[in-house]
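S.K.: Please find one structure pasted underneath; my questions will follow.
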Amino acid sequence: MRGRNSKPAKKKIQAMFRRPGLQVLRQFARYYSEGSTGLVLERSLNRVQLLGRVGQDPVLRQSEGKNPVTIFSLATNEMWRSGESETSQQGDISQRTTWHRISVFRPGLRDLAYQYVKKGARVFVEGKIDYGEYVDKNNVRRQATTIIADNIIFLSDYIKEKE
């Protein structure tokens, strides 16, 4: 945005981002530095939203008194109709289940998840995806994909406290 008309153009863009409907877009807009490097700083997004059923009661893990975490698995299902015409009511229904490992580190949410999440409960999880590595018992390096939960919405009717 350099040149003779860069200031009016910049003001026009700034005015556009003041509109309520476009404020969300500002989160993802590119910002050009005024320095000589021409460095482009941009925001990125790592968000996951899952709606599914809990596969196991959560466990609370803590290593050496640091970073306690509640962990549970979540199943999501994908269904589709196979056959000659996918829009008709005929054909076989196929289903694929994907399992996700959910980790909850936030102190308040971690405790609520451990206390109230139950196997079979329907929950909505928002968070970010994290890829990592670990070494198993046999000294084999393995990769792990985890969803780090920022929010959990309980959708089941039968939420019961652990005894």
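Going through the structure tokens in order, the chains are called A, B, and so on, while each chain numbers its residues from 1 and the ligands are numbered from 1 in the order shown.
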Can you list, as a list in words, every protein, DNA or RNA residue that comes within 8 Å of region 103-115 of chain A when you count only C-alpha atoms, leaving out same-chain residues fewer than 4 positions away?
M.R.: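 Counting only the stated atoms, we get Pro58, Val59, Leu60, Asn67, Pro68, Val69, Thr70, Ile71, Phe72, Thr146, Ile147, Ile148, Ala149, Asp150, Asn151, Ile152, Glu161 and Lys162 of chain A.
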S.K.: Run DSSP on the backbone and grab whatever in region 47-160 of chain A lands in strand (DSSP E); send it over as a VMD selection string.
M.R.: chain A and resid 48 to 54 59 to 63 66 to 82 92 to 104 122 to 135 141 to 154
S.K.: Smallest atom-to-atom distance to Val54 (chain A): which of A:Ser73, A:Ser82, A:Thr97, A:Ser156, using only C-alpha atoms?
M.R.: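 Of A:Ser73, A:Ser82, A:Thr97, A:Ser156, the one nearest Val54 (chain A) is A:Ser73, counting only C-alpha atoms.
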